[in-house]
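Have a look at the structure below before the remarks.
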Amino acid sequence: QQQQIKNRLSHLPVVVGSHGHATSHSSGGGSTLLGYIGIDTIIEQMRKKTMKTGFDFNIMVVGHSGLGKSTLVNTLFKSQVSRRSAGWARDEKIPKTVEIKSVSHVIEEGGVKMKLTVVDTPGFGDQINNDNCWEPISKYINEQYEKFLKEEVNITRKKRIPDTRVHCCIYFISPTGHSLRQLDTEFMKRLSHSVNIIPVIAKADTMTIEERQEFKQRVRKELEMSGIEFYPQKEFDEDMEDKSDNDKIREAMPFAVVGSDKEYQVNGKRVLGRKTAWGIVEVENPNHCEFAQLRDFLIRSHLQDLKEVTHNIHYETYRAKRLNENGGLHPISSNDTQESNL
Amino acid sequence: MLIHVSVHRSPPPPPPATLYYEHWVNLRARSQSLHLPLFTTSIKHERNHGNVPLTQLLRHKGAALTQQAEGRPLSSCYRFTRSLLLTSFLCLIVFQEKEYVGFATLPNQVHRKSVKKGFDFTLMVAGESGLGKSTLVNSLFLTDLHKDRKLLNAEERISQTVEITKHTVDIEEKGVKLKLTIVDTPGFGDAVNNTECWRPVTDYINLQFEQYFRDESGLNRKNIQDNRVHCCLYFIPPFGHGLRPVDIEFMKALQDKVNVVPLIAKADCLTPTEIKKLKERLREEIDKYGIKIYQFPDCDSDEDEEFKQQDKELKESTPFAVIGSNTVVEARGQRVRGRLYPWGIVEVENPSHCDFVKLRTMLIRTHMHDLKDITSDGHYENYRAQCIQTMTSKMNADKRVESPIPILPLSTPDVETEKLIKMKDEELRRMQQMLQKMQQQMHEQDL
């Protein structure tokens, strides 16, 4: 968290003494300070402020039904946040078209509050004819951008615009062991430019370690060949440090994960896992699956970055496109009476 | 496996056959009057109508047994030997040496003949790619049918339609030859739009039926090759929560043409409770949608308890949850087929790990012949009846003379011959037109 706040601050100009000219990097070579000013306490102030206001995070899960999407989200955030726990029955029928269902929860840890919204997409890829099943999803994402855009161009803006934009889309790849399916590439190709996509190999306990490695390599090659840029995108690496970190992560993606919300005793510890007749699959054991890596990557190091990339890049692309078409801003939806002027 | 039938002379010699029944009846009457239990042998005696001698009765029974046994040379071997033993037991008890006829060796003769001829079995595997179909087939028959298989990546598969590929393997075990044909359906369910992706499969099955029908109705019926599909293993992915629309449609399209056996693939990613739940769910949905999958025949009431128990277990654990493996791992000091995970070893042949053993028993050891029977007596007969019906209705529509043997439509010729036929048709039409014109001219001239 500290690191993330520091990164945000690196964009602020630093005023150094009376000789100073504003430099944007503290390592950019200004003059030395003559005494302790206390600028670095700004980090503490920001921290207090953000703790009070809390964070928003919107995550979308996409994949065939039964791949463990809801379980994984529950495991990630160690609480019952998916739509299944919100009262929907586990064995409901497969919907005829892709639906979008979102559930919001406020979770708190160490004084930091986070409003987590999980957007689920039941019915994706489950029909016989799955042509254009990505369209409802694409529409939903664009609608959220549109909502935010409208709030932004309003004359009297709210102090803090509610952010419902999808910050991260986790795409679940079926562990066939062969390669990506056609639906996977189609979906990711179309959506990698409007949202951060993180591909994940679901139910990884189907494959042995060697099969996993082979499958991962094949999937990565296919993603490269199709020109799909998944998060963290290479083009948005800001400096060498970022690049090396992200390169390491990109090498290990897509993560092969197993989700579970049940606990078992292993070696005297209680761990989350799945109990089978031949052993217990430990979810957080790095030798068993890569869930721990995914969690660290998603929550502990790149959460803020996900939000920033969404805001600074994907949203800006959408905004530029909208402002360019028809030379102005018109409301998309017909039932929206608010007309905004540029 | 040869069974020797011999008759021993046991002291004291039993009473002559014709008198035995009266003797037995007297014994029974006496025991009843004395209220003592009479321990009879396990010979079931049919209702004896009056004075038919027992020898004749037994002769009929023996013939009935051999008739039963004739159609089942390979798979129900032990049931077979049991009936054989029964016959021989009868011979032992009742017949004296001079009454021994010897037809009890009939099943033996049938067995020898069919072993010489060999058996054939066609198995189709269907399901999405990546569900372990080829691995399972290799594990079932302990062969390696797909050594040089090239896996296509997503781009190459965009334009792929469902293909049908066939592999034939000749296996021999203890002198019994089996010609095994595996029909694979790569590309099934892989595209984005899978409408009617089962069409190539049903077409293939119909083609085999048609070919057999043609051969059967032909003149030379000595060597009919039976390529009809005897069983279709349908792989259901374990990731879902039941049947998906594509599963339902596929099974409904094929239920009347082939014996469909649904399987839960890659069962090692499910915990035992999940497997149970999924099986229940699948059974419910199969009932709900009225899908006719292959039902195990009820075993006869004269089978022993062990077999009945086995049969009951088998029926209760459908659909089978299977795992396949091409690799051999060390587990508990033995080398077994299995999969090695960091958290344990899955053994394919361990009944507590998966239902592979049950599937193998069902498919090969007990019901192989039943599957063939149902295919030829049920599905093929349906097809044949349908075919003949459509042909007769077509002929009635054309108002042609009905022939006793149905005239089969010509087999679809290849492109060249089709072109030739078209050309010839055109010529014929032209000539007919010319003839008509000439006739008219002549008619006018006459007038």
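How things are named: the first chain in the structure tokens is A, the next is B, and so on; residues count from 1 in each chain; ligands count from 1 in the order shown.
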
Contacts of B:Asp170 at 7 Å (only C-alpha atoms; same-chain gap of 2+ positions) as a PyMOL selection string: chain B and resi 168+172+178-180

Sel. of alpha helix (DSSP H) residues, stretch 211-421 of chain B, as a PyMOL selection string: chain B and resi 211-216+245-254+272-288+305-316+356-360+368-374+380-398+415-421

Residue list for chain B near chain A as a ChimeraX atom specification, 8 Å, only C-alpha atoms: /B:129-131,151,153-155,157-158,190-195,239-241,244-246,266,268-272,339-346,352-353

What does the file look like for those residues with N, CA and C atoms, as an mmCIF file, in the first residue's frame?
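The result, stored in selection-v2.cif:
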```cif
data_model
loop_
_atom_site.group_PDB
_atom_site.id
_atom_site.type_symbol
_atom_site.label_atom_id
_atom_site.label_comp_id
_atom_site.auth_asym_id
_atom_site.auth_seq_id
_atom_site.Cartn_x
_atom_site.Cartn_y
_atom_site.Cartn_z
ATOM 1 N N SER B 129 -12.996 -31.417 -27.248
ATOM 2 C CA SER B 129 -11.588 -31.781 -27.232
ATOM 3 C C SER B 129 -11.006 -31.415 -25.882
ATOM 4 N N GLY B 130 -10.044 -32.196 -25.454
ATOM 5 C CA GLY B 130 -9.402 -31.914 -24.193
ATOM 6 C C GLY B 130 -10.056 -32.599 -23.009
ATOM 7 N N LEU B 131 -10.993 -33.516 -23.251
ATOM 8 C CA LEU B 131 -11.622 -34.191 -22.127
ATOM 9 C C LEU B 131 -10.996 -35.546 -21.850
ATOM 10 N N LEU B 151 -1.674 -31.710 -32.207
ATOM 11 C CA LEU B 151 -2.750 -30.907 -31.646
ATOM 12 C C LEU B 151 -2.802 -29.565 -32.359
ATOM 13 N N ASN B 153 -3.742 -25.651 -32.915
ATOM 14 C CA ASN B 153 -3.996 -24.529 -32.020
ATOM 15 C C ASN B 153 -5.276 -23.818 -32.455
ATOM 16 N N ALA B 154 -5.647 -22.789 -31.680
ATOM 17 C CA ALA B 154 -6.972 -22.205 -31.855
ATOM 18 C C ALA B 154 -7.177 -21.633 -33.247
ATOM 19 N N GLU B 155 -6.111 -21.069 -33.822
ATOM 20 C CA GLU B 155 -6.301 -20.451 -35.131
ATOM 21 C C GLU B 155 -6.594 -21.487 -36.189
ATOM 22 N N ARG B 157 -7.963 -24.090 -35.832
ATOM 23 C CA ARG B 157 -9.211 -24.807 -35.642
ATOM 24 C C ARG B 157 -10.416 -23.977 -35.996
ATOM 25 N N ILE B 158 -10.207 -22.735 -36.400
ATOM 26 C CA ILE B 158 -11.361 -21.880 -36.653
ATOM 27 C C ILE B 158 -12.212 -22.454 -37.765
ATOM 28 N N ASP B 190 -16.267 -27.572 -30.481
ATOM 29 C CA ASP B 190 -15.160 -26.666 -30.244
ATOM 30 C C ASP B 190 -15.358 -25.286 -30.809
ATOM 31 N N ALA B 191 -16.281 -25.166 -31.752
ATOM 32 C CA ALA B 191 -16.401 -23.867 -32.408
ATOM 33 C C ALA B 191 -17.220 -22.929 -31.529
ATOM 34 N N VAL B 192 -17.288 -21.701 -31.970
ATOM 35 C CA VAL B 192 -18.108 -20.749 -31.232
ATOM 36 C C VAL B 192 -19.581 -21.070 -31.465
ATOM 37 N N ASN B 193 -19.896 -21.371 -32.732
ATOM 38 C CA ASN B 193 -21.275 -21.712 -33.062
ATOM 39 C C ASN B 193 -21.347 -23.198 -33.330
ATOM 40 N N ASN B 194 -21.950 -23.911 -32.409
ATOM 41 C CA ASN B 194 -21.958 -25.365 -32.525
ATOM 42 C C ASN B 194 -23.292 -25.923 -32.949
ATOM 43 N N THR B 195 -24.059 -25.135 -33.688
ATOM 44 C CA THR B 195 -25.366 -25.647 -34.085
ATOM 45 C C THR B 195 -25.206 -26.870 -34.952
ATOM 46 N N PHE B 239 -16.746 -29.888 -15.289
ATOM 47 C CA PHE B 239 -16.739 -28.540 -14.761
ATOM 48 C C PHE B 239 -18.124 -27.957 -14.634
ATOM 49 N N GLY B 240 -19.072 -28.499 -15.346
ATOM 50 C CA GLY B 240 -20.387 -27.880 -15.338
ATOM 51 C C GLY B 240 -21.192 -28.306 -14.130
ATOM 52 N N HIS B 241 -22.407 -27.871 -14.073
ATOM 53 C CA HIS B 241 -23.280 -28.281 -12.990
ATOM 54 C C HIS B 241 -24.378 -29.176 -13.528
ATOM 55 N N ARG B 244 -25.224 -29.671 -20.318
ATOM 56 C CA ARG B 244 -25.311 -28.404 -21.032
ATOM 57 C C ARG B 244 -26.211 -28.605 -22.254
ATOM 58 N N PRO B 245 -26.659 -27.506 -22.850
ATOM 59 C CA PRO B 245 -27.554 -27.663 -24.013
ATOM 60 C C PRO B 245 -26.954 -28.540 -25.107
ATOM 61 N N VAL B 246 -25.654 -28.397 -25.346
ATOM 62 C CA VAL B 246 -25.074 -29.193 -26.427
ATOM 63 C C VAL B 246 -25.099 -30.685 -26.066
ATOM 64 N N LYS B 266 -12.412 -36.696 -16.799
ATOM 65 C CA LYS B 266 -11.452 -36.018 -15.926
ATOM 66 C C LYS B 266 -11.980 -35.922 -14.500
ATOM 67 N N ASP B 268 -10.760 -36.595 -11.854
ATOM 68 C CA ASP B 268 -9.844 -36.353 -10.740
ATOM 69 C C ASP B 268 -9.847 -34.912 -10.279
ATOM 70 N N CYS B 269 -10.669 -34.055 -10.892
ATOM 71 C CA CYS B 269 -10.723 -32.704 -10.365
ATOM 72 C C CYS B 269 -11.928 -32.527 -9.461
ATOM 73 N N LEU B 270 -12.623 -33.605 -9.144
ATOM 74 C CA LEU B 270 -13.792 -33.487 -8.286
ATOM 75 C C LEU B 270 -13.565 -34.257 -6.999
ATOM 76 N N THR B 271 -14.079 -33.718 -5.919
ATOM 77 C CA THR B 271 -14.019 -34.456 -4.662
ATOM 78 C C THR B 271 -15.160 -35.479 -4.654
ATOM 79 N N PRO B 272 -15.075 -36.470 -3.777
ATOM 80 C CA PRO B 272 -16.107 -37.516 -3.791
ATOM 81 C C PRO B 272 -17.527 -36.978 -3.625
ATOM 82 N N ARG B 339 -1.828 -40.865 -12.374
ATOM 83 C CA ARG B 339 -1.405 -39.501 -12.591
ATOM 84 C C ARG B 339 -0.729 -39.009 -11.317
ATOM 85 N N LEU B 340 0.411 -38.361 -11.487
ATOM 86 C CA LEU B 340 1.185 -37.936 -10.328
ATOM 87 C C LEU B 340 0.946 -36.467 -10.076
ATOM 88 N N TYR B 341 0.384 -36.157 -8.940
ATOM 89 C CA TYR B 341 0.186 -34.767 -8.546
ATOM 90 C C TYR B 341 1.070 -34.478 -7.350
ATOM 91 N N PRO B 342 1.322 -33.198 -7.058
ATOM 92 C CA PRO B 342 2.115 -32.897 -5.870
ATOM 93 C C PRO B 342 1.415 -33.316 -4.583
ATOM 94 N N TRP B 343 0.105 -33.461 -4.635
ATOM 95 C CA TRP B 343 -0.596 -33.783 -3.402
ATOM 96 C C TRP B 343 -1.012 -35.238 -3.330
ATOM 97 N N GLY B 344 -0.627 -36.024 -4.279
ATOM 98 C CA GLY B 344 -1.020 -37.423 -4.205
ATOM 99 C C GLY B 344 -0.962 -38.072 -5.560
ATOM 100 N N ILE B 345 -1.237 -39.357 -5.563
ATOM 101 C CA ILE B 345 -1.204 -40.093 -6.821
ATOM 102 C C ILE B 345 -2.595 -40.646 -7.081
ATOM 103 N N VAL B 346 -3.104 -40.400 -8.246
ATOM 104 C CA VAL B 346 -4.400 -40.932 -8.617
ATOM 105 C C VAL B 346 -4.181 -42.234 -9.359
ATOM 106 N N SER B 352 -11.754 -47.009 -5.620
ATOM 107 C CA SER B 352 -12.157 -45.909 -4.753
ATOM 108 C C SER B 352 -11.733 -44.565 -5.319
ATOM 109 N N HIS B 353 -10.909 -44.578 -6.374
ATOM 110 C CA HIS B 353 -10.493 -43.309 -6.971
ATOM 111 C C HIS B 353 -11.414 -42.906 -8.115
#
```

Contacts of stretch 295-297 of chain A within 12 Å, only C-alpha atoms, excl. fewer than 3 positions in-chain, as number ranges by chain: A: 72-78, 198, 200, 231-232, 245-246, 248-250, 252-259, 283-284, 286, 289-292, 300-306

Go ahead and save the residues from that selection, with N, CA, C and O atoms, as a short mmCIF file (atom, residue, chain, number, x, y, z; two decimals), in the first residue's frame.
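What follows is the written file out-v3.cif:
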```cif
data_model
loop_
_atom_site.label_atom_id
_atom_site.label_comp_id
_atom_site.auth_asym_id
_atom_site.auth_seq_id
_atom_site.Cartn_x
_atom_site.Cartn_y
_atom_site.Cartn_z
N LEU A 72 -13.51 -18.89 -6.67
CA LEU A 72 -12.21 -18.21 -6.68
C LEU A 72 -12.32 -16.82 -6.10
O LEU A 72 -11.45 -16.38 -5.33
N VAL A 73 -13.39 -16.12 -6.44
CA VAL A 73 -13.52 -14.76 -5.91
C VAL A 73 -13.69 -14.80 -4.39
O VAL A 73 -13.11 -13.99 -3.67
N ASN A 74 -14.45 -15.78 -3.93
CA ASN A 74 -14.58 -15.93 -2.48
C ASN A 74 -13.24 -16.21 -1.83
O ASN A 74 -12.91 -15.68 -0.77
N THR A 75 -12.46 -17.05 -2.47
CA THR A 75 -11.16 -17.40 -1.90
C THR A 75 -10.22 -16.21 -1.93
O THR A 75 -9.46 -15.97 -0.99
N LEU A 76 -10.29 -15.43 -3.01
CA LEU A 76 -9.40 -14.28 -3.13
C LEU A 76 -9.63 -13.29 -2.00
O LEU A 76 -8.69 -12.78 -1.42
N PHE A 77 -10.89 -13.02 -1.75
CA PHE A 77 -11.18 -11.99 -0.77
C PHE A 77 -11.58 -12.58 0.57
O PHE A 77 -12.07 -11.86 1.44
N LYS A 78 -11.36 -13.86 0.71
CA LYS A 78 -11.57 -14.56 1.98
C LYS A 78 -12.91 -14.22 2.61
O LYS A 78 -13.02 -14.09 3.81
N ILE A 198 -7.23 -10.40 -17.26
CA ILE A 198 -6.24 -11.28 -16.63
C ILE A 198 -6.68 -12.72 -16.91
O ILE A 198 -7.65 -13.19 -16.32
N VAL A 200 -6.74 -16.70 -16.60
CA VAL A 200 -6.43 -17.57 -15.48
C VAL A 200 -6.84 -18.97 -15.90
O VAL A 200 -7.85 -19.15 -16.55
N TYR A 231 -3.36 -7.96 -19.17
CA TYR A 231 -2.76 -7.13 -18.14
C TYR A 231 -1.65 -7.92 -17.46
O TYR A 231 -1.86 -9.08 -17.14
N PRO A 232 -0.49 -7.43 -17.10
CA PRO A 232 -0.01 -6.07 -17.34
C PRO A 232 0.51 -5.87 -18.76
O PRO A 232 1.37 -6.60 -19.21
N ASP A 245 9.61 -6.00 -13.14
CA ASP A 245 8.60 -6.66 -12.31
C ASP A 245 7.54 -7.32 -13.18
O ASP A 245 7.19 -8.49 -13.01
N ASN A 246 7.05 -6.51 -14.10
CA ASN A 246 5.95 -7.02 -14.92
C ASN A 246 6.39 -8.14 -15.83
O ASN A 246 5.63 -9.04 -16.13
N LYS A 248 8.48 -10.42 -15.13
CA LYS A 248 8.45 -11.66 -14.34
C LYS A 248 7.04 -12.20 -14.24
O LYS A 248 6.79 -13.39 -14.35
N ILE A 249 6.12 -11.26 -14.04
CA ILE A 249 4.73 -11.70 -13.91
C ILE A 249 4.20 -12.22 -15.23
O ILE A 249 3.51 -13.24 -15.29
N ARG A 250 4.55 -11.54 -16.29
CA ARG A 250 4.05 -11.97 -17.60
C ARG A 250 4.57 -13.35 -17.94
O ARG A 250 3.89 -14.13 -18.59
N ALA A 252 4.99 -15.73 -15.91
CA ALA A 252 4.28 -16.74 -15.13
C ALA A 252 2.81 -16.82 -15.46
O ALA A 252 2.13 -17.73 -15.01
N MET A 253 2.32 -15.86 -16.25
CA MET A 253 0.89 -15.91 -16.55
C MET A 253 0.64 -16.83 -17.70
O MET A 253 1.53 -17.03 -18.50
N PRO A 254 -0.52 -17.35 -17.89
CA PRO A 254 -1.69 -17.28 -17.01
C PRO A 254 -1.53 -18.18 -15.78
O PRO A 254 -1.02 -19.28 -15.89
N PHE A 255 -1.96 -17.68 -14.65
CA PHE A 255 -1.81 -18.44 -13.42
C PHE A 255 -2.77 -19.61 -13.40
O PHE A 255 -3.94 -19.49 -13.77
N ALA A 256 -2.29 -20.75 -12.93
CA ALA A 256 -3.14 -21.93 -12.83
C ALA A 256 -3.64 -22.00 -11.39
O ALA A 256 -2.86 -22.21 -10.47
N VAL A 257 -4.93 -21.81 -11.23
CA VAL A 257 -5.43 -21.65 -9.86
C VAL A 257 -6.45 -22.72 -9.50
O VAL A 257 -7.06 -23.37 -10.35
N VAL A 258 -6.59 -22.87 -8.20
CA VAL A 258 -7.61 -23.74 -7.63
C VAL A 258 -8.28 -22.92 -6.55
O VAL A 258 -7.60 -22.24 -5.79
N GLY A 259 -9.58 -22.96 -6.48
CA GLY A 259 -10.27 -22.17 -5.46
C GLY A 259 -10.96 -23.09 -4.48
O GLY A 259 -11.33 -24.21 -4.80
N VAL A 283 -4.77 -24.83 -1.42
CA VAL A 283 -4.94 -23.70 -2.33
C VAL A 283 -3.78 -22.73 -2.22
O VAL A 283 -3.32 -22.17 -3.21
N GLU A 284 -3.28 -22.52 -1.01
CA GLU A 284 -2.26 -21.49 -0.86
C GLU A 284 -0.83 -22.03 -0.88
O GLU A 284 0.10 -21.31 -0.59
N PRO A 286 2.32 -22.92 -2.82
CA PRO A 286 2.80 -22.61 -4.18
C PRO A 286 3.22 -23.82 -4.97
O PRO A 286 3.30 -23.76 -6.19
N CYS A 289 -0.56 -25.03 -6.50
CA CYS A 289 -1.17 -24.22 -7.55
C CYS A 289 -0.71 -22.79 -7.36
O CYS A 289 -0.02 -22.47 -6.41
N GLU A 290 -1.10 -21.93 -8.29
CA GLU A 290 -0.54 -20.59 -8.28
C GLU A 290 -1.51 -19.57 -7.73
O GLU A 290 -1.46 -18.39 -8.09
N PHE A 291 -2.39 -20.00 -6.87
CA PHE A 291 -3.36 -19.07 -6.33
C PHE A 291 -2.68 -17.96 -5.54
O PHE A 291 -3.06 -16.79 -5.63
N ALA A 292 -1.68 -18.34 -4.75
CA ALA A 292 -1.03 -17.34 -3.90
C ALA A 292 -0.41 -16.25 -4.77
O ALA A 292 -0.48 -15.06 -4.46
N ARG A 300 -2.14 -7.47 -3.62
CA ARG A 300 -1.10 -6.86 -2.82
C ARG A 300 -0.18 -5.96 -3.60
O ARG A 300 0.47 -5.12 -3.01
N SER A 301 -0.05 -6.11 -4.89
CA SER A 301 0.88 -5.21 -5.57
C SER A 301 0.26 -4.41 -6.69
O SER A 301 0.69 -3.30 -6.94
N HIS A 302 -0.73 -4.93 -7.35
CA HIS A 302 -1.18 -4.22 -8.55
C HIS A 302 -2.62 -3.72 -8.48
O HIS A 302 -3.18 -3.33 -9.48
N LEU A 303 -3.19 -3.71 -7.33
CA LEU A 303 -4.59 -3.28 -7.24
C LEU A 303 -4.73 -1.84 -7.70
O LEU A 303 -5.58 -1.50 -8.52
N GLN A 304 -3.90 -0.98 -7.17
CA GLN A 304 -3.99 0.43 -7.52
C GLN A 304 -3.65 0.65 -8.98
O GLN A 304 -4.24 1.46 -9.68
N ASP A 305 -2.69 -0.14 -9.45
CA ASP A 305 -2.28 0.02 -10.84
C ASP A 305 -3.41 -0.34 -11.79
O ASP A 305 -3.60 0.31 -12.82
N LEU A 306 -4.16 -1.37 -11.39
CA LEU A 306 -5.29 -1.75 -12.23
C LEU A 306 -6.26 -0.59 -12.36
O LEU A 306 -6.73 -0.24 -13.45
#
```

Point-to-point distance in Å for atom CA of B:Leu278 and atom CA of A:Val118: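 Spanning atom CA of A:Val118 to atom CA of B:Leu278 is a straight-line distance of 26.3 Å.
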
Two-atom distance - atom CA of A:Lys307, atom CA of A:His167 (Å):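 We find that atom CA of A:Lys307 and atom CA of A:His167 lie 5.5 Å from each other.
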
d(atom CA of B:Glu313, atom CA of B:Asp373) in Å: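 Value for the atom CA of B:Glu313-atom CA of B:Asp373 distance: 22.7 Å.
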
Long-range neighbours of stretch 181-187 of chain B as a list in words, 7 Å cut-off, only C-alpha atoms, 5 positions minimum in chain: Phe121, Thr122, Leu123, Met124, Val125, Ala126, Ser129, Gln160, Thr161, Val162, Glu163, Ile164, Thr165, Lys166, His167, Thr168 and Val169 of chain B

Write the residues of the selection above to a file with C-alpha atoms, as a short mmCIF file (atom, residue, chain, number, x, y, z; two decimals), in the first residue's frame.
```cif
data_model
loop_
_atom_site.label_atom_id
_atom_site.label_comp_id
_atom_site.auth_asym_id
_atom_site.auth_seq_id
_atom_site.Cartn_x
_atom_site.Cartn_y
_atom_site.Cartn_z
CA PHE B 121 -16.51 -54.24 -31.90
CA THR B 122 -16.91 -50.64 -32.94
CA LEU B 123 -16.69 -47.99 -30.28
CA MET B 124 -17.32 -44.32 -30.83
CA VAL B 125 -16.02 -41.60 -28.53
CA ALA B 126 -17.60 -38.18 -28.62
CA SER B 129 -11.59 -31.78 -27.23
CA GLN B 160 -12.48 -26.92 -38.80
CA THR B 161 -15.72 -28.78 -38.90
CA VAL B 162 -16.46 -31.96 -37.05
CA GLU B 163 -14.54 -34.82 -38.62
CA ILE B 164 -14.92 -38.51 -38.20
CA THR B 165 -11.72 -40.51 -37.88
CA LYS B 166 -11.42 -44.25 -37.58
CA HIS B 167 -8.65 -46.36 -36.08
CA THR B 168 -8.69 -50.12 -36.28
CA VAL B 169 -6.67 -52.34 -33.99
#
```

Selection: 9 Å around B:Ala265, only C-alpha atoms, excl. self and same-chain fewer than 6 positions, as a list in words: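 Here the answer would be Leu131, Gly132, Lys133, Phe235, Ile236, Pro237, Pro238, Phe320, Ala321, Val322, Ile323 and Gly324 of chain B.
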
Residue set, stretch 177-322 of chain A restricted to strand (DSSP E), as a list of chain:residue names: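 Across stretch 177-322 of chain A, those assigned strand (DSSP E) are A:Ile197, A:Ile198, A:Pro199, A:Val200, A:Ile201, A:Phe255, A:Ala256, A:Glu263, A:Tyr264, A:Gln265, A:Val266, A:Lys269, A:Arg270, A:Val271, A:Leu272, A:Gly273, A:Arg274, A:Lys275, A:Thr276, A:Gly279, A:Ile280, A:Val281, A:Glu282.
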
Residues near A:Val309, cut-off 12 Å, only C-alpha atoms, skip fewer than 3 positions along chain, as a list in words: Arg165, Val166, His167, Cys168, His193, Ser194, Val195, Asn196, Ile197, Tyr231, Pro232, Gln233, Glu235, Phe236, Asp237, Glu238, His302, Leu303, Gln304, Asp305, Leu306, Asn312, Ile313, His314, Tyr315, Glu316 and Thr317 of chain A
